[in-house]
Each structure stands twice: as structure tokens, then as C-alpha cells.
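**Student:** This is query11.cif (mmCIF, C-alpha atoms and all ligand atoms).
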```cif
data_query
loop_
_atom_site.label_atom_id
_atom_site.label_comp_id
_atom_site.auth_asym_id
_atom_site.auth_seq_id
_atom_site.Cartn_x
_atom_site.Cartn_y
_atom_site.Cartn_z
CA MET A 1 -22.42 8.66 30.50
CA LYS A 2 -25.44 10.61 31.67
CA ILE A 3 -25.95 13.70 33.79
CA SER A 4 -28.25 12.86 36.72
CA ASP A 5 -28.39 16.20 38.54
CA VAL A 6 -27.05 19.76 38.66
CA VAL A 7 -26.57 20.81 42.28
CA LEU A 8 -25.63 24.14 43.79
CA LEU A 9 -24.04 23.70 47.17
CA GLU A 10 -23.96 26.58 49.59
CA LEU A 11 -21.13 26.15 52.08
CA THR A 12 -20.79 28.15 55.29
CA GLY A 13 -17.85 28.23 57.64
CA GLU A 14 -16.13 30.39 60.24
CA PHE A 15 -12.84 31.99 59.39
CA PRO A 16 -10.49 34.59 60.84
CA ALA A 17 -11.38 38.14 59.70
CA HIS A 18 -10.02 38.91 56.28
CA HIS A 19 -7.63 41.80 55.95
CA LEU A 20 -9.11 42.71 52.57
CA GLN A 21 -12.10 44.14 54.41
CA ALA A 22 -9.92 46.79 55.96
CA ALA A 23 -7.84 47.56 52.90
CA GLU A 24 -8.07 50.39 50.38
CA ARG A 25 -10.30 49.96 47.36
CA GLY A 26 -9.69 51.05 43.78
CA SER A 27 -11.65 53.71 41.91
CA ARG A 28 -15.11 52.66 40.69
CA PRO A 29 -17.59 53.92 38.10
CA LEU A 30 -20.03 54.79 40.92
CA ASP A 31 -17.52 57.34 42.23
CA GLY A 32 -19.14 59.67 39.70
CA TYR A 33 -21.76 60.17 42.42
CA SER A 34 -20.48 61.96 45.49
CA GLU A 35 -22.52 59.81 47.88
CA PHE A 36 -20.31 56.82 46.94
CA ARG A 37 -17.01 58.61 46.59
CA GLY A 38 -16.10 58.77 50.25
CA THR A 39 -16.09 55.06 51.08
CA ARG A 40 -12.51 54.00 51.43
CA THR A 41 -12.67 50.26 51.72
CA PHE A 42 -14.36 47.18 50.26
CA GLY A 43 -16.60 46.68 53.26
CA PRO A 44 -16.91 47.24 56.98
CA ALA A 45 -13.56 47.14 58.74
CA GLN A 46 -12.91 43.96 60.68
CA GLU A 47 -10.61 43.59 63.62
CA ALA A 48 -7.70 41.19 63.44
CA GLY A 49 -8.56 38.05 65.41
CA GLU A 50 -12.30 38.51 64.85
CA THR A 51 -14.18 35.50 63.45
CA VAL A 52 -16.46 35.96 60.45
CA HIS A 53 -19.05 33.75 58.76
CA HIS A 54 -18.22 33.11 55.16
CA THR A 55 -20.49 31.56 52.51
CA GLU A 56 -19.65 30.34 49.01
CA VAL A 57 -21.62 28.47 46.36
CA TYR A 58 -20.13 25.54 44.41
CA LEU A 59 -21.56 23.82 41.35
CA GLU A 60 -21.70 20.03 41.14
CA VAL A 61 -22.67 18.05 38.05
CA HIS A 62 -23.67 14.52 39.09
CA THR A 63 -23.75 11.52 36.77
CA GLU A 64 -25.51 8.16 36.82
CA GLU A 65 -22.04 6.60 36.81
CA GLY A 66 -21.16 8.28 40.10
CA VAL A 67 -18.48 10.71 38.82
CA THR A 68 -19.08 14.34 39.87
CA GLY A 69 -17.80 17.50 38.21
CA LEU A 70 -17.09 20.35 40.63
CA PHE A 71 -16.54 24.05 40.02
CA GLY A 72 -16.61 27.16 42.12
CA PRO A 73 -17.05 29.35 43.93
CA VAL A 74 -19.78 30.59 41.62
CA ASP A 75 -21.87 33.70 41.88
CA GLY A 76 -25.30 33.32 43.51
CA GLY A 77 -26.85 35.21 40.58
CA HIS A 78 -26.06 32.58 38.01
CA ALA A 79 -26.77 29.79 40.47
CA ILE A 80 -30.44 30.46 39.86
CA ILE A 81 -30.01 30.16 36.08
CA LEU A 82 -28.13 26.89 36.45
CA ARG A 83 -30.71 25.39 38.74
CA ARG A 84 -33.94 26.75 37.29
CA GLU A 85 -33.14 27.27 33.59
CA MET A 86 -30.63 24.59 32.73
CA ARG A 87 -30.96 21.65 35.13
CA ASP A 88 -33.90 19.84 33.52
CA PHE A 89 -32.45 20.36 30.04
CA LEU A 90 -29.13 18.83 31.11
CA ILE A 91 -30.38 15.73 32.91
CA GLY A 92 -29.88 12.64 30.77
CA ARG A 93 -27.31 14.27 28.47
CA ASP A 94 -23.75 13.06 27.87
CA PRO A 95 -21.46 15.25 30.06
CA LEU A 96 -18.39 14.45 27.98
CA ALA A 97 -19.90 16.02 24.85
CA ILE A 98 -19.04 19.45 26.24
CA GLU A 99 -19.02 21.26 22.90
CA LYS A 100 -22.49 19.99 22.08
CA ILE A 101 -23.92 21.06 25.44
CA TRP A 102 -22.32 24.51 25.08
CA ASP A 103 -23.73 25.02 21.59
CA MET A 104 -27.19 23.79 22.55
CA LEU A 105 -27.35 26.11 25.57
CA LEU A 106 -26.31 29.04 23.41
CA ARG A 107 -29.01 28.28 20.84
CA ARG A 108 -31.65 27.53 23.46
CA ASN A 109 -31.94 31.02 24.92
CA ARG A 110 -31.63 34.18 22.86
CA HIS A 111 -30.15 36.01 25.87
CA ALA A 112 -27.46 33.38 26.33
CA ARG A 113 -24.84 35.41 24.44
CA ALA A 114 -23.67 37.47 27.42
CA GLY A 115 -24.19 38.44 31.03
CA TYR A 116 -25.43 36.14 33.75
CA TYR A 117 -26.60 33.47 31.33
CA MET A 118 -23.13 33.18 29.79
CA MET A 119 -21.56 33.28 33.25
CA ALA A 120 -23.76 30.33 34.22
CA MET A 121 -22.73 28.51 31.02
CA SER A 122 -19.11 29.26 31.92
CA ALA A 123 -19.42 27.66 35.36
CA LEU A 124 -21.15 24.64 33.85
CA ASP A 125 -18.45 24.29 31.17
CA CYS A 126 -15.70 24.37 33.79
CA ALA A 127 -17.52 21.75 35.91
CA LEU A 128 -17.88 19.54 32.81
CA TRP A 129 -14.15 19.78 32.10
CA ASP A 130 -13.51 18.77 35.71
CA LEU A 131 -15.87 15.84 35.23
CA LYS A 132 -14.15 14.82 32.00
CA GLY A 133 -10.75 14.93 33.68
CA LYS A 134 -12.01 12.79 36.56
CA THR A 135 -13.63 10.33 34.15
CA LEU A 136 -10.45 9.93 32.09
CA GLY A 137 -8.08 10.18 35.07
CA GLU A 138 -6.17 13.17 33.67
CA PRO A 139 -5.69 16.81 34.68
CA VAL A 140 -7.59 19.19 32.41
CA TYR A 141 -4.42 20.74 30.94
CA ARG A 142 -3.52 17.33 29.48
CA LEU A 143 -6.92 17.01 27.84
CA LEU A 144 -6.32 20.43 26.28
CA GLY A 145 -3.03 19.37 24.70
CA GLY A 146 -0.60 20.26 27.46
CA PRO A 147 1.62 20.46 29.27
CA VAL A 148 3.17 23.20 27.15
CA GLN A 149 4.27 25.71 29.79
CA GLU A 150 5.73 24.23 32.97
CA PRO A 151 5.41 26.28 35.10
CA VAL A 152 3.19 29.26 34.18
CA SER A 153 4.18 32.83 35.11
CA ALA A 154 1.82 34.62 37.47
CA TYR A 155 1.66 38.31 38.21
CA ALA A 156 0.87 39.68 41.64
CA SER A 157 -2.42 41.53 41.51
CA MET A 158 -2.41 43.95 44.40
CA LEU A 159 -6.09 44.86 44.72
CA GLY A 160 -6.85 46.06 48.23
CA PHE A 161 -3.37 46.98 49.47
CA SER A 162 -2.77 50.47 50.81
CA LEU A 163 -1.61 53.13 48.36
CA GLU A 164 -0.01 55.32 51.02
CA PRO A 165 3.50 55.97 49.65
CA GLU A 166 5.52 54.27 52.38
CA ALA A 167 3.26 51.21 52.64
CA LEU A 168 3.07 51.05 48.84
CA ALA A 169 6.82 51.01 48.32
CA GLU A 170 7.30 48.45 51.10
CA ARG A 171 4.61 46.13 49.74
CA ALA A 172 5.92 46.37 46.17
CA GLN A 173 9.43 45.47 47.34
CA GLU A 174 8.07 42.61 49.44
CA TYR A 175 6.38 41.02 46.42
CA LYS A 176 9.42 41.60 44.26
CA GLN A 177 11.45 39.73 46.89
CA LEU A 178 8.91 36.90 46.76
CA GLY A 179 9.90 36.43 43.12
CA TYR A 180 7.06 38.08 41.21
CA ARG A 181 8.35 39.68 38.02
CA ALA A 182 5.17 41.66 37.45
CA GLN A 183 2.72 43.50 39.70
CA LYS A 184 -0.62 45.14 39.00
CA TRP A 185 -1.88 48.00 41.11
CA PHE A 186 -5.27 49.70 41.19
CA PHE A 187 -5.60 53.45 40.94
CA ARG A 188 -7.79 54.96 43.63
CA CYS A 189 -8.66 58.18 41.83
CA GLY A 190 -10.59 59.11 38.71
CA PRO A 191 -12.11 62.16 37.00
CA PRO A 192 -14.29 63.14 40.00
CA ASP A 193 -11.14 63.49 42.14
CA GLY A 194 -9.80 66.32 39.99
CA GLY A 195 -6.20 67.43 39.65
CA GLU A 196 -5.27 66.33 43.13
CA GLY A 197 -6.49 62.80 42.46
CA ALA A 198 -4.67 62.68 39.13
CA ALA A 199 -1.46 63.74 40.87
CA ARG A 200 -2.03 61.01 43.44
CA ASN A 201 -2.33 58.40 40.67
CA VAL A 202 0.89 59.63 39.07
CA GLY A 203 2.54 59.49 42.51
CA VAL A 204 1.51 55.83 42.83
CA ALA A 205 3.17 54.99 39.49
CA ARG A 206 6.33 56.94 40.39
CA THR A 207 6.63 55.43 43.88
CA LEU A 208 6.22 51.93 42.49
CA ARG A 209 8.79 52.34 39.72
CA GLU A 210 11.29 53.77 42.18
CA ALA A 211 10.55 50.95 44.64
CA VAL A 212 10.93 48.00 42.26
CA GLY A 213 13.55 49.31 39.83
CA GLU A 214 13.64 48.42 36.16
CA ASP A 215 13.24 44.66 36.08
CA THR A 216 9.67 44.40 37.42
CA ALA A 217 6.76 44.94 35.05
CA LEU A 218 4.11 47.30 36.43
CA MET A 219 0.50 47.29 35.34
CA PHE A 220 -2.34 49.59 36.40
CA ASP A 221 -6.09 49.04 36.57
CA ALA A 222 -8.72 51.80 36.41
CA PHE A 223 -11.73 49.44 36.68
CA ASN A 224 -13.85 51.15 34.00
CA SER A 225 -14.05 54.32 36.07
CA TRP A 226 -12.34 56.86 33.82
CA ASP A 227 -13.29 58.69 30.62
CA VAL A 228 -11.35 59.04 27.38
CA PRO A 229 -9.67 62.46 27.91
CA TYR A 230 -8.73 61.57 31.48
CA ALA A 231 -7.26 58.25 30.38
CA ILE A 232 -5.22 59.87 27.62
CA ASP A 233 -3.87 62.49 30.02
CA MET A 234 -3.15 59.89 32.70
CA GLY A 235 -1.47 57.59 30.21
CA ARG A 236 0.87 60.35 29.07
CA ARG A 237 1.71 61.26 32.65
CA ILE A 238 2.50 57.71 33.78
CA ALA A 239 4.27 56.76 30.53
CA PRO A 240 7.71 57.75 31.96
CA TYR A 241 7.29 54.95 34.53
CA ARG A 242 6.93 52.43 31.72
CA PRO A 243 3.66 50.66 32.55
CA ALA A 244 3.26 47.28 30.84
CA TRP A 245 -0.43 48.16 30.47
CA LEU A 246 -3.28 50.37 31.59
CA GLU A 247 -6.34 48.22 32.20
CA GLU A 248 -9.99 49.04 31.55
CA PRO A 249 -9.71 52.82 31.50
CA VAL A 250 -13.27 52.82 30.09
CA PRO A 251 -15.85 50.01 29.68
CA VAL A 252 -14.92 47.45 27.05
CA ASP A 253 -17.79 48.21 24.67
CA ARG A 254 -16.43 51.75 24.05
CA LEU A 255 -14.26 50.50 21.21
CA ALA A 256 -13.64 53.87 19.56
CA GLY A 257 -12.71 55.36 22.93
CA LEU A 258 -10.32 52.54 23.77
CA ARG A 259 -8.67 52.92 20.40
CA ARG A 260 -8.21 56.67 20.91
CA ILE A 261 -6.70 56.05 24.33
CA ARG A 262 -4.36 53.46 22.82
CA GLU A 263 -3.26 55.78 20.04
CA ARG A 264 -2.87 58.96 22.06
CA SER A 265 -1.72 57.90 25.53
CA GLY A 266 1.45 56.21 24.35
CA ILE A 267 1.00 53.20 26.65
CA PRO A 268 -0.40 49.70 26.03
CA ILE A 269 -4.08 49.12 26.85
CA ALA A 270 -5.47 45.91 28.36
CA THR A 271 -9.13 44.94 28.53
CA GLY A 272 -11.48 42.01 28.20
CA GLU A 273 -12.32 40.56 31.61
CA HIS A 274 -15.91 41.65 30.93
CA LEU A 275 -16.09 40.24 27.41
CA TYR A 276 -18.30 37.26 26.66
CA THR A 277 -17.43 34.72 23.93
CA ARG A 278 -15.10 34.81 20.92
CA TRP A 279 -17.47 37.10 19.00
CA GLN A 280 -17.12 39.99 21.45
CA VAL A 281 -13.35 39.46 21.64
CA LYS A 282 -13.16 39.54 17.85
CA ASP A 283 -14.82 42.98 17.78
CA VAL A 284 -12.16 44.37 20.14
CA LEU A 285 -9.33 42.84 18.10
CA GLU A 286 -10.80 44.05 14.81
CA ALA A 287 -11.16 47.57 16.18
CA GLY A 288 -7.51 47.61 17.27
CA ALA A 289 -8.78 48.54 20.73
CA ALA A 290 -6.41 46.51 22.94
CA ASP A 291 -2.80 45.37 23.30
CA VAL A 292 -3.71 42.61 25.77
CA ILE A 293 -6.95 40.58 26.08
CA GLN A 294 -8.01 39.46 29.56
CA ALA A 295 -10.98 37.13 29.05
CA ASP A 296 -11.93 35.20 32.18
CA PRO A 297 -12.99 31.55 32.01
CA ASP A 298 -15.58 32.17 34.76
CA TRP A 299 -17.41 34.63 32.56
CA CYS A 300 -16.39 34.42 28.88
CA GLY A 301 -17.92 31.00 28.25
CA GLY A 302 -15.72 28.67 30.27
CA ILE A 303 -12.61 26.69 29.43
CA SER A 304 -13.98 25.67 26.02
CA GLU A 305 -14.47 29.29 25.01
CA LEU A 306 -11.21 30.57 26.52
CA VAL A 307 -9.29 28.12 24.32
CA LYS A 308 -11.06 29.50 21.22
CA ILE A 309 -10.40 33.07 22.37
CA ALA A 310 -6.72 32.21 22.79
CA ALA A 311 -6.56 30.95 19.21
CA LEU A 312 -8.30 34.11 17.98
CA CYS A 313 -5.95 36.41 19.91
CA SER A 314 -2.89 34.57 18.62
CA ALA A 315 -4.10 35.16 15.05
CA TYR A 316 -3.97 38.90 15.83
CA ASP A 317 -0.67 38.62 17.72
CA VAL A 318 -2.37 39.96 20.83
CA PRO A 319 -1.43 38.12 24.04
CA LEU A 320 -4.14 36.66 26.24
CA CYS A 321 -3.55 37.21 29.97
CA PRO A 322 -6.67 35.74 31.58
CA HIS A 323 -8.34 37.68 34.35
CA GLY A 324 -7.99 36.05 37.75
CA HIS A 325 -11.53 35.62 39.04
CA SER A 326 -10.91 31.91 38.96
CA LEU A 327 -7.41 30.54 39.20
CA HIS A 328 -7.85 26.82 38.50
CA ALA A 329 -9.63 27.07 35.15
CA ALA A 330 -7.33 29.79 33.75
CA LEU A 331 -4.26 27.91 34.90
CA HIS A 332 -5.16 24.67 33.15
CA VAL A 333 -5.72 26.58 29.90
CA ALA A 334 -2.45 28.49 30.38
CA ALA A 335 -0.47 25.29 30.93
CA ALA A 336 -1.81 23.97 27.62
CA LEU A 337 -0.74 26.98 25.52
CA PRO A 338 2.61 28.44 24.49
CA HIS A 339 4.02 31.38 26.44
CA SER A 340 3.79 33.54 23.32
CA ALA A 341 0.00 33.12 23.25
CA LEU A 342 -0.61 33.26 26.99
CA PRO A 343 2.37 34.79 28.80
CA GLN A 344 0.96 35.03 32.34
CA VAL A 345 -2.04 34.54 34.61
CA GLU A 346 -3.33 36.92 37.25
CA PHE A 347 -3.00 36.03 40.92
CA LEU A 348 -5.12 38.29 43.13
CA ILE A 349 -3.13 38.18 46.35
CA LEU A 350 -5.92 39.08 48.77
CA HIS A 351 -8.96 37.84 46.86
CA GLN A 352 -7.61 34.34 46.31
CA ARG A 353 -7.23 33.82 50.06
CA HIS A 354 -10.88 34.64 50.31
CA LYS A 355 -12.05 32.63 47.32
CA GLN A 356 -10.14 29.46 48.13
CA ARG A 357 -11.20 29.39 51.78
CA PHE A 358 -13.11 26.11 51.54
CA MET A 359 -10.48 24.35 49.45
CA LYS A 360 -8.19 21.66 50.78
CA ARG A 361 -5.07 23.08 49.24
CA PHE A 362 -4.34 26.76 48.79
CA LEU A 363 -3.14 27.10 45.21
CA GLU A 364 -0.65 29.97 44.94
CA PRO A 365 2.46 30.93 43.00
CA GLU A 366 5.94 30.32 44.32
CA SER A 367 8.68 32.67 43.14
CA GLY A 368 6.24 34.16 40.65
CA VAL A 369 5.37 30.92 38.90
CA ILE A 370 2.61 28.37 39.38
CA ARG A 371 1.66 24.87 38.25
CA PRO A 372 -1.89 23.55 37.89
CA PRO A 373 -2.83 20.66 40.20
CA ASP A 374 -1.69 17.33 38.78
CA GLY A 375 -4.63 15.17 39.80
CA PRO A 376 -7.63 14.31 37.61
CA GLY A 377 -9.87 17.23 36.60
CA LEU A 378 -9.31 20.80 37.74
CA GLY A 379 -8.00 19.88 41.18
CA ILE A 380 -10.58 21.84 43.16
CA GLU A 381 -11.19 19.92 46.39
CA ILE A 382 -13.41 21.04 49.23
CA ASP A 383 -12.06 20.44 52.71
CA PRO A 384 -14.92 19.04 54.83
CA ALA A 385 -13.15 20.24 57.98
CA LYS A 386 -13.66 23.87 56.87
CA VAL A 387 -17.38 23.46 56.18
CA GLN A 388 -19.63 24.14 59.14
CA SER A 389 -22.88 23.70 57.25
CA ARG A 390 -23.88 22.87 53.70
CA ARG A 391 -27.19 23.02 51.92
CA ALA A 392 -28.31 22.46 48.36
CA ILE A 393 -29.93 25.59 46.89
CA GLU A 394 -33.37 24.76 45.46
MG MG A 401 -9.24 44.35 36.05
#
```
I need this file expressed as C-alpha cells, please.

**Tutor:**
Amino acid sequence: MKISDVVLLELTGEFPAHHLQAAERGSRPLDGYSEFRGTRTFGPAQEAGETVHHTEVYLEVHTEEGVTGLFGPVDGGHAIILRREMRDFLIGRDPLAIEKIWDMLLRRNRHARAGYYMMAMSALDCALWDLKGKTLGEPVYRLLGGPVQEPVSAYASMLGFSLEPEALAERAQEYKQLGYRAQKWFFRCGPPDGGEGAARNVGVARTLREAVGEDTALMFDAFNSWDVPYAIDMGRRIAPYRPAWLEEPVPVDRLAGLRRIRERSGIPIATGEHLYTRWQVKDVLEAGAADVIQADPDWCGGISELVKIAALCSAYDVPLCPHGHSLHAALHVAAALPHSALPQVEFLILHQRHKQRFMKRFLEPESGVIRPPDGPGLGIEIDPAKVQSRRAIE
């Protein structure tokens, strides 16, 4: 088999306004500057019923044999790397020799180890696994040695929902009723918000625990926006509400800081969605800096690399709970691993509606569990009826 082209398709369509645009955002590192602190939401508020233009980019790997690997949506930033840096190198190569392509791309560019280059390699790797599945007529999880878990547990990731106490309690109970056994919420406040903000964060944890009772796991995300003393203090103050983890209190390369937070806060620490490759994950594990690793197949090096990361984590008895930027890729890997190694995947309630807009079938958990699509490949299918215009990015 031979790769004949690497195409980046930009799809545009019209959709009803997305409620995420009007929802509350979490705290961000930029909040350290007062000019950014005031913005409440993810973007301009949109009215219900309003129609918005939405654009996404998908990656296609074409072959001389006519089989096409598809993955997306992908970020426009690594689209350029795929098209300009990798395309010519890939044409004529065997798309089923995924490990060889991955290793060659890593060796080919000294900056390939991380960042946008590795994100581009990740997208390509996922598209190649889709292509392999379509070529062999099997879903990707079968090619990876599954099914092992049927179904896979998913936690409700509540990014964007209001943190006002009444709305918060109501929403938490609603998702508990839907069958989710775990929920992750995003703190709005950080060090720049002072004592009042810290009290607000503690109030969020308390309200949630009171709302869902004892049998729902609660996780909290600080999106890299805290510092070590703040995280230790916060951890101690929310510990009575028994969080399953505190996520990314500080950026993932602050290994000594993460370890101090782990040791002194008294609550488990999760991190890793911004780690690239097994080598970066190994550093975190070696440093004893995390209780949970959250590598994301869209960024860490793709499906091939996530499988290696899972093996590495299991050797340290640290569970891998993949970050939910992409659902399909993480889910196929999850279905091919034991629950002990990969206990749950993230389902971003609002973001997935957004991200899967062009897909034929909306893939979502039912009663807190989810199965990967059963057809050949990853099961990502674009619905032509939702695409108003398409163009190949040159
Ligand atoms: Mg996160």
C-alpha cells in the first residue's frame, strides 16, 4: 500500500448558537494580568436560536489503493506542518507501517519531540490507525488487542457550566441522574482573586459534595493557573470534600512543585494532558509528581504513543485517564486496555457537542459508560448534509 496524498479539509457549516459561548469559563494562567481577569466567558455571548458559522479542519490520508484514513477535527496550527513539512516525505510510503513512519518523523526533525510538531504527528498517527482499520475491516480497538473493557466508563467533564451555587447543585444532580459516577468541575478563581476567590473555590467543592452525596467521584481542574502555595492551601481546604483529584494546579514541567503539592495538600494530583511522548511521561512518573496521568492521543504522539504511555504508567501503578480533546482515539485505546490501567475516559459535555458537529453520529456516553464505534477504523464519519462548503487547505 502507498500513501498518495495528505489532505487537510476545511469544512464550514451553519449551526444553532452554542451554549458554551455564553457559559462561565475556568481560571486561566493569563488571569495573572488584570486586563484578562474580568472576562467571564469563553467568547462573545450568543443568543439562543441564533445561527453561527462553524469551521473545522479534518486530516485525510489518501492511498493509491483508494482507502482513506480520516482524523479530526485537528488544529489549524499543525495543519500547516502536516501539509508543508510532512506531505512530500509521506507520499509513496506504506501507511500500514505506522511505527516506522512515527519513528522516521521523530528522527527527521529535531523539534519533533514536542509541541505543534508532535501534535501534527499525533493527528497523522490517528489517521493512519483509521486507515489500517478500514484496510483490514476492523475497528481500531480490535487491532490494539481488544475488546478488553466493554463498555468503558466515562466521566462528565463540566467545563463551561455555571458555578453559581444553585445552578451548580442542580447541574451536578442532573448529571448524576444521567448515570455518571464521576464529574470534573473547573475552578474559576486563582491566586489573583485573593481570599474571596479561594473561598469561592471551596464553596464550589462543598456545594458539589452536598449535591451529589458520597457515591459520585468529584474531580477539580485548575488549568495550570495556580502556584504551589496556593495549590497546597486549596488542596487542604477542599480535602474534606474528598476530591478524586486536583488537576494541573501548576504547569506539568514544574515537577518539584507538583511533588510538593502532592505531598502537602493531602489530595491526589492529576496531570499530563500537555505531556508529549513516553519520555516526558516517564519524567513525571519518576519524580513521583502525579497520581493520575492524562496524556491525550491528539497531542502526546497519537494512538501508537498512548498505548506505550499506558504500559509505562501501569509499570508505576499510576492509572491513565486520557484527556478528552479527542474522544474517538482515546476510546479505542481504552477499550483495548484493562480497567486497572485505564479506568475512565473524559467526556467534555459542552465541547464534544461543538467538536463533533460535522460528524454523522454524535458519540456520547449513556448512563456514564461508552463504547467505541464498531465499524472499521476509528468510526469518524463526516455527514455531507452538515457541510455547507469544503476546501482543501494548500
Ligand atoms: Mg484539564

**Student:** At a cut-off of 12 Å and counting all atoms listed in the file, what residues surround ligand MG 401 (chain A)? Please answer as a ChimeraX atom specification.

**Tutor:** /A:26-28,157-159,184-187,219-225,245-252,269-275,292-296,321-325,346-348

**Student:** Residues within 8 Å of range 129-131 of chain A, please, as a list of chain:residue names. Count all atoms listed in the file; anything in the same chain fewer than 5 positions from it doesn't count.

**Tutor:** A:Val61, A:Val67, A:Thr68, A:Gly69, A:Leu70, A:Phe71, A:Pro95, A:Leu96, A:Ile98, A:Val140, A:Ile303, A:Pro376, A:Gly377, A:Leu378, A:Gly379

**Student:** Point out the residue among A:Gly133, A:Pro343, A:Pro297, A:Gly257 with the least atom-to-atom distance to Ala120 in chain A, counting all atoms listed in the file.

**Tutor:** A:Pro297

**Student:** In the coordinate frame of the file, compute which residues have an atom within 6 Å of (12.3, 33.0, 44.9) when using all atoms listed in the file, and state them as a list in words.

**Tutor:**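 Output: Leu178, Gly179 and Ser367 of chain A.
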
**Student:** Which residue out of A:Gly146, A:Pro165, A:Gly190, A:Gly38 has the minimum interatomic distance to Asp233 in chain A when only C-alpha atoms are used?

**Tutor:**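 The closest residue to Asp233 in chain A is A:Gly190.
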
**Student:** Counting only C-alpha atoms, figure out which residue out of A:Leu9, A:Ala335, A:Leu144, A:Ala182 gets nearest to Arg391 in chain A.

**Tutor:**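 For Arg391 in chain A, the nearest of the candidates is A:Leu9.
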
**Student:** My list of candidates is A:Leu168, A:Leu331, A:Leu306, A:Cys313. Which is closest to Tyr276 in chain A when distances are computed with all atoms listed in the file?

**Tutor:**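 Between A:Leu168, A:Leu331, A:Leu306, A:Cys313, the residue approaching Tyr276 in chain A most closely is A:Leu306.
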
**Student:** Which value, in Å to one decimal, gives the distance between CA of Arg361 in chain A and CA of Asp125 in chain A?

**Tutor:**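 We find that CA of Arg361 in chain A and CA of Asp125 in chain A lie 22.5 Å from each other.
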
**Student:** For a test of reading the model, state the distance in Å between CA of Ala167 in chain A and CA of Gln183 in chain A, rounded to one decimal.

**Tutor:** 15.1 Å

**Student:** Starting from the point (-17.1, 34.7, 61.0), work out which residues of protein, DNA or RNA have an atom no more than 9 Å away when counting only C-alpha atoms; state them as JSON, numbers by chain.

**Tutor:** {"A": [13, 14, 15, 16, 17, 50, 51, 52, 53, 54]}

**Student:** Between A:Ser122, A:Ser326, A:Gln356, A:Gln177, which one has atoms that come closest to Ile101 in chain A, using all atoms listed in the file?

**Tutor:**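 The shortest atom-to-atom distance to Ile101 in chain A comes from A:Ser122.
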
**Student:** List the spatial neighbours of Leu11 in chain A as a tab-separated table (two decimals) with C-alpha atoms, in the coordinates of the input - criterion: any atom at most 7 Å away, all atoms listed in the file, same-chain residues fewer than 6 positions off excluded.

**Tutor:**
```
chain	number	residue	atom	x	y	z
A	55	THR	CA	-20.49	31.56	52.51
A	56	GLU	CA	-19.65	30.34	49.01
A	57	VAL	CA	-21.62	28.47	46.36
A	387	VAL	CA	-17.38	23.46	56.18
A	389	SER	CA	-22.88	23.70	57.25
A	390	ARG	CA	-23.88	22.87	53.70
A	391	ARG	CA	-27.19	23.02	51.92
```

**Student:** Write out, as CSV, each residue of range 221-290 of chain A that has an atom at most 10 Å from range 196-201 of chain A, together with the closest pair of atoms and their distance in Å to one decimal, counting only C-alpha atoms, rows going by chain and rising number.

**Tutor:**
```
residue,atom,partner,partner_atom,distance
A:Tyr230,CA,A:Ala198,CA,8.7
A:Asp233,CA,A:Ala198,CA,9.1
A:Met234,CA,A:Ala198,CA,7.2
A:Arg237,CA,A:Ala199,CA,9.2
A:Ile238,CA,A:Asn201,CA,8.4
```

**Student:** Can you tell me, as a list of chain:residue names, what residues are no more than 12 Å from Trp279 in chain A when counting all atoms listed in the file, ignoring any on the same chain fewer than 2 positions away?

**Tutor:** A:Arg113, A:Ala114, A:Leu275, A:Tyr276, A:Thr277, A:Val281, A:Lys282, A:Asp283, A:Val284, A:Leu285, A:Glu286, A:Ala295, A:Cys300, A:Gly301, A:Glu305, A:Leu306, A:Lys308, A:Ile309, A:Leu312, A:Cys313

**Student:** Pull C-alpha atoms from the residues just selected and write them as an mmCIF file, keeping the file's coordinate frame.

**Tutor:**
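Output saved as out_19.cif:
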```cif
data_model
loop_
_atom_site.group_PDB
_atom_site.id
_atom_site.type_symbol
_atom_site.label_atom_id
_atom_site.label_comp_id
_atom_site.auth_asym_id
_atom_site.auth_seq_id
_atom_site.Cartn_x
_atom_site.Cartn_y
_atom_site.Cartn_z
ATOM 1 C CA ARG A 113 -24.840 35.410 24.440
ATOM 2 C CA ALA A 114 -23.670 37.470 27.420
ATOM 3 C CA LEU A 275 -16.090 40.240 27.410
ATOM 4 C CA TYR A 276 -18.300 37.260 26.660
ATOM 5 C CA THR A 277 -17.430 34.720 23.930
ATOM 6 C CA VAL A 281 -13.350 39.460 21.640
ATOM 7 C CA LYS A 282 -13.160 39.540 17.850
ATOM 8 C CA ASP A 283 -14.820 42.980 17.780
ATOM 9 C CA VAL A 284 -12.160 44.370 20.140
ATOM 10 C CA LEU A 285 -9.330 42.840 18.100
ATOM 11 C CA GLU A 286 -10.800 44.050 14.810
ATOM 12 C CA ALA A 295 -10.980 37.130 29.050
ATOM 13 C CA CYS A 300 -16.390 34.420 28.880
ATOM 14 C CA GLY A 301 -17.920 31.000 28.250
ATOM 15 C CA GLU A 305 -14.470 29.290 25.010
ATOM 16 C CA LEU A 306 -11.210 30.570 26.520
ATOM 17 C CA LYS A 308 -11.060 29.500 21.220
ATOM 18 C CA ILE A 309 -10.400 33.070 22.370
ATOM 19 C CA LEU A 312 -8.300 34.110 17.980
ATOM 20 C CA CYS A 313 -5.950 36.410 19.910
#
```

**Student:** Between A:Glu170, A:Ala329, A:Ile81, A:Asp31, single out the one closest to Val7 in chain A, counting all atoms listed in the file.

**Tutor:**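 That would be A:Ile81, the residue with the smallest distance to Val7 in chain A.
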
**Student:** Can you measure CA of Asp75 in chain A to CA of Ala123 in chain A for me? One decimal in Å is fine.

**Tutor:**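 Going from CA of Asp75 in chain A over to CA of Ala123 in chain A covers 9.2 Å.
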
**Student:** Might you pull out every residue within 9 Å of Met1 in chain A, with only C-alpha atoms counted and same-chain residues fewer than 2 positions away left off, and present them as a list in words?

**Tutor:**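 So, after excluding close chain neighbours, the residues are Ile3, Thr63, Glu64, Glu65, Gly92, Arg93, Asp94, Pro95 and Leu96 of chain A.
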
**Student:** Just C-alpha atoms for this one: save the residues we selected as a compact mmCIF listing (two decimals), in the frame of the given file.

**Tutor:**
```txt
# COMPACT_ATOMS: atom_id res chain seq x y z
CA ILE A 3 -25.95 13.70 33.79
CA THR A 63 -23.75 11.52 36.77
CA GLU A 64 -25.51 8.16 36.82
CA GLU A 65 -22.04 6.60 36.81
CA GLY A 92 -29.88 12.64 30.77
CA ARG A 93 -27.31 14.27 28.47
CA ASP A 94 -23.75 13.06 27.87
CA PRO A 95 -21.46 15.25 30.06
CA LEU A 96 -18.39 14.45 27.98
```

**Student:** What's around Ala239 in chain A at 8 Å? Count only C-alpha atoms, leave out sequence neighbours fewer than 4 positions away in its own chain, and write the answer as a list of chain:residue names.

**Tutor:**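 My reading of the contact set: A:Gly235, A:Pro243, A:Ser265, A:Gly266, A:Ile267.
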
**Student:** So that all listed atoms of range 255-264 of chain A fit with 4 Å spare on each side, what axis-aligned box centre and edge lengths in Å, to one decimal, would you give as JSON?

**Tutor:**
```
{"center_x": -8.6, "center_y": 54.7, "center_z": 21.9, "size_x": 19.4, "size_y": 16.5, "size_z": 12.8}
```
